[in-house]
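Engineer: Structure in structure tokens, see below.
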Amino acid sequence: VAGAIDTAGKVFHLTAVFNGQIHHRIRNADSTWTPWARAGNPGTALAIGATVDPDRALHLVATY
């Protein structure tokens, strides 16, 4: 599991590995959550890291 905060957009990105697949969801500024969505990944992930850059783009780094 990894999380990253977008302070400009005031959202929290949560990522997790379920059965080797990377999934992502967002906690919005109004405290609501988006549903889990599978992120495109080419293999079986073992671990995940996340960060948000100044342009508000989410970056994921996975270990396969």
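Please note that chains go A, B, ... in the order of the structure tokens, that every chain numbers its residues from 1, and that ligands are numbered from 1 in the order shown.
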At a cut-off of 12 Å, using only C-alpha atoms, what residues contact A:Asp53? Leave out same-chain residues fewer than 2 positions from it and give the result as a PyMOL selection string.
Structural biologist: chain A and resi 4-9+50-51+55-60
Engineer: Measure the distance from atom CA of A:Gly43 to atom CA of A:Val11 in Å and round it to one decimal.
Structural biologist: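 Interatomic distance here is 27.8 Å.
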Engineer: Taking 6 positions as the minimum chain separation for residues in the same chain, which residues sit within 12 Å of A:Thr44 when counting only C-alpha atoms? Answer as a PyMOL selection string.
Structural biologist: chain A and resi 17-22+62-64
Engineer: What does the file look like for those residues with all heavy atoms, as a compact mmCIF listing (two decimals), in the first residue's frame?
Structural biologist:
# COMPACT_ATOMS: atom_id res chain seq x y z
N VAL A 17 -1.55 -3.12 -3.95
CA VAL A 17 -1.36 -4.30 -4.80
C VAL A 17 -2.29 -5.40 -4.27
O VAL A 17 -2.21 -5.78 -3.11
CB VAL A 17 0.11 -4.78 -4.77
CG1 VAL A 17 0.27 -6.06 -5.56
CG2 VAL A 17 1.04 -3.69 -5.30
N PHE A 18 -3.20 -5.86 -5.13
CA PHE A 18 -4.10 -6.96 -4.82
C PHE A 18 -3.81 -8.08 -5.80
O PHE A 18 -3.98 -7.90 -7.01
CB PHE A 18 -5.58 -6.56 -4.97
CG PHE A 18 -6.04 -5.46 -4.06
CD1 PHE A 18 -6.46 -4.25 -4.58
CD2 PHE A 18 -6.04 -5.62 -2.69
CE1 PHE A 18 -6.89 -3.24 -3.76
CE2 PHE A 18 -6.47 -4.61 -1.85
CZ PHE A 18 -6.90 -3.42 -2.39
N ASN A 19 -3.37 -9.22 -5.32
CA ASN A 19 -3.08 -10.38 -6.18
C ASN A 19 -2.19 -10.01 -7.37
O ASN A 19 -2.42 -10.44 -8.49
CB ASN A 19 -4.38 -11.01 -6.67
CG ASN A 19 -5.19 -11.59 -5.54
OD1 ASN A 19 -4.64 -12.15 -4.60
ND2 ASN A 19 -6.49 -11.45 -5.61
N GLY A 20 -1.19 -9.17 -7.11
CA GLY A 20 -0.24 -8.79 -8.15
C GLY A 20 -0.67 -7.65 -9.04
O GLY A 20 0.10 -7.17 -9.86
N GLN A 21 -1.91 -7.20 -8.93
CA GLN A 21 -2.43 -6.11 -9.75
C GLN A 21 -2.47 -4.81 -8.95
O GLN A 21 -2.85 -4.81 -7.78
CB GLN A 21 -3.85 -6.44 -10.26
CG GLN A 21 -3.91 -7.68 -11.10
CD GLN A 21 -3.10 -7.54 -12.38
OE1 GLN A 21 -3.26 -6.58 -13.12
NE2 GLN A 21 -2.23 -8.49 -12.64
N ILE A 22 -2.08 -3.70 -9.59
CA ILE A 22 -2.08 -2.39 -8.93
C ILE A 22 -3.46 -1.77 -9.06
O ILE A 22 -4.03 -1.70 -10.14
CB ILE A 22 -1.01 -1.48 -9.55
CG1 ILE A 22 0.38 -2.10 -9.37
CG2 ILE A 22 -1.07 -0.09 -8.93
CD1 ILE A 22 1.46 -1.40 -10.15
N ALA A 62 6.66 0.54 -9.10
CA ALA A 62 6.33 -0.80 -8.64
C ALA A 62 7.54 -1.71 -8.74
O ALA A 62 8.40 -1.55 -9.60
CB ALA A 62 5.19 -1.38 -9.46
N THR A 63 7.59 -2.67 -7.83
CA THR A 63 8.59 -3.73 -7.89
C THR A 63 7.89 -4.97 -8.43
O THR A 63 6.83 -5.36 -7.95
CB THR A 63 9.14 -4.02 -6.48
OG1 THR A 63 9.71 -2.83 -5.96
CG2 THR A 63 10.18 -5.12 -6.53
N TYR A 64 8.50 -5.59 -9.45
CA TYR A 64 7.92 -6.79 -10.08
C TYR A 64 8.82 -7.97 -9.84
O TYR A 64 9.97 -7.88 -9.68
CB TYR A 64 7.74 -6.58 -11.58
CG TYR A 64 6.67 -5.57 -11.90
CD1 TYR A 64 6.98 -4.24 -12.11
CD2 TYR A 64 5.34 -5.96 -11.98
CE1 TYR A 64 5.98 -3.31 -12.40
CE2 TYR A 64 4.35 -5.05 -12.27
CZ TYR A 64 4.68 -3.73 -12.48
OH TYR A 64 3.70 -2.82 -12.77
Engineer: Show which residues sit within 7 Å of A:Ala2, as a ChimeraX atom specification. Count only C-alpha atoms, and ignore same-chain residues fewer than 4 positions away.
Structural biologist: /A:14-16,48-50
Engineer: Could you go through chain A and tell me which residues DSSP, when run on the backbone, assigns to strand (DSSP E or B), listing them as a ChimeraX atom specification?
Structural biologist: /A:2-6,11-18,21-27,33,37-38,47-52,58-63
Engineer: Save the residues we just selected, N, CA and C atoms, as a compact mmCIF listing (two decimals), in the first residue's frame?
Structural biologist:
# COMPACT_ATOMS: atom_id res chain seq x y z
N ALA A 2 0.49 2.26 -0.76
CA ALA A 2 1.20 3.53 -0.80
C ALA A 2 0.19 4.65 -0.95
N GLY A 3 0.50 5.79 -0.38
CA GLY A 3 -0.37 6.94 -0.51
C GLY A 3 0.43 8.16 -0.91
N ALA A 4 -0.25 9.13 -1.52
CA ALA A 4 0.37 10.39 -1.92
C ALA A 4 -0.67 11.49 -1.82
N ILE A 5 -0.24 12.65 -1.34
CA ILE A 5 -1.16 13.77 -1.16
C ILE A 5 -0.91 14.82 -2.22
N ASP A 6 -1.99 15.25 -2.87
CA ASP A 6 -1.96 16.37 -3.80
C ASP A 6 -2.49 17.58 -3.04
N VAL A 11 -6.47 16.34 -2.52
CA VAL A 11 -6.94 14.96 -2.61
C VAL A 11 -5.83 14.02 -2.15
N PHE A 12 -6.24 12.82 -1.77
CA PHE A 12 -5.31 11.79 -1.32
C PHE A 12 -5.43 10.62 -2.27
N HIS A 13 -4.32 10.19 -2.84
CA HIS A 13 -4.28 9.04 -3.74
C HIS A 13 -3.85 7.83 -2.93
N LEU A 14 -4.60 6.77 -3.01
CA LEU A 14 -4.27 5.52 -2.33
C LEU A 14 -4.07 4.44 -3.38
N THR A 15 -2.95 3.76 -3.32
CA THR A 15 -2.67 2.66 -4.24
C THR A 15 -2.36 1.41 -3.44
N ALA A 16 -2.68 0.28 -4.02
CA ALA A 16 -2.43 -0.99 -3.34
C ALA A 16 -2.23 -2.08 -4.37
N VAL A 17 -1.55 -3.12 -3.95
CA VAL A 17 -1.36 -4.30 -4.80
C VAL A 17 -2.29 -5.40 -4.27
N PHE A 18 -3.20 -5.86 -5.13
CA PHE A 18 -4.10 -6.96 -4.82
C PHE A 18 -3.81 -8.08 -5.80
N GLN A 21 -1.91 -7.20 -8.93
CA GLN A 21 -2.43 -6.11 -9.75
C GLN A 21 -2.47 -4.81 -8.95
N ILE A 22 -2.08 -3.70 -9.59
CA ILE A 22 -2.08 -2.39 -8.93
C ILE A 22 -3.46 -1.77 -9.06
N HIS A 23 -3.98 -1.31 -7.92
CA HIS A 23 -5.28 -0.63 -7.88
C HIS A 23 -5.10 0.75 -7.25
N HIS A 24 -6.01 1.66 -7.60
CA HIS A 24 -5.90 3.06 -7.18
C HIS A 24 -7.29 3.60 -6.85
N ARG A 25 -7.34 4.48 -5.86
CA ARG A 25 -8.56 5.22 -5.56
C ARG A 25 -8.18 6.58 -5.00
N ILE A 26 -9.12 7.50 -4.97
CA ILE A 26 -8.87 8.87 -4.54
C ILE A 26 -9.85 9.26 -3.46
N ARG A 27 -9.32 9.92 -2.42
CA ARG A 27 -10.18 10.55 -1.42
C ARG A 27 -10.26 12.02 -1.79
N TRP A 33 -14.85 8.97 -1.50
CA TRP A 33 -13.85 8.13 -2.15
C TRP A 33 -14.34 7.69 -3.52
N ALA A 37 -9.99 1.18 -8.78
CA ALA A 37 -9.85 0.97 -10.22
C ALA A 37 -8.49 0.33 -10.47
N ARG A 38 -8.44 -0.61 -11.37
CA ARG A 38 -7.18 -1.28 -11.69
C ARG A 38 -6.33 -0.36 -12.55
N ALA A 47 5.32 -4.79 -4.84
CA ALA A 47 5.27 -3.64 -3.94
C ALA A 47 5.03 -2.39 -4.78
N ILE A 48 4.56 -1.32 -4.13
CA ILE A 48 4.21 -0.08 -4.84
C ILE A 48 4.64 1.13 -4.02
N GLY A 49 5.02 2.19 -4.72
CA GLY A 49 5.32 3.48 -4.11
C GLY A 49 4.62 4.55 -4.93
N ALA A 50 4.26 5.68 -4.30
CA ALA A 50 3.52 6.72 -5.01
C ALA A 50 3.98 8.10 -4.58
N THR A 51 3.90 9.04 -5.52
CA THR A 51 4.16 10.45 -5.24
C THR A 51 3.36 11.29 -6.22
N VAL A 52 3.12 12.56 -5.85
CA VAL A 52 2.45 13.51 -6.74
C VAL A 52 3.43 14.64 -7.01
N LEU A 58 0.16 11.97 -10.70
CA LEU A 58 0.49 10.86 -9.81
C LEU A 58 1.53 9.98 -10.50
N HIS A 59 2.59 9.62 -9.76
CA HIS A 59 3.62 8.73 -10.27
C HIS A 59 3.68 7.49 -9.38
N LEU A 60 3.66 6.34 -10.00
CA LEU A 60 3.74 5.07 -9.28
C LEU A 60 5.02 4.36 -9.66
N VAL A 61 5.66 3.76 -8.67
CA VAL A 61 6.84 2.93 -8.89
C VAL A 61 6.54 1.58 -8.28
N ALA A 62 6.66 0.54 -9.10
CA ALA A 62 6.33 -0.80 -8.64
C ALA A 62 7.54 -1.71 -8.74
N THR A 63 7.59 -2.67 -7.83
CA THR A 63 8.59 -3.73 -7.89
C THR A 63 7.89 -4.97 -8.43
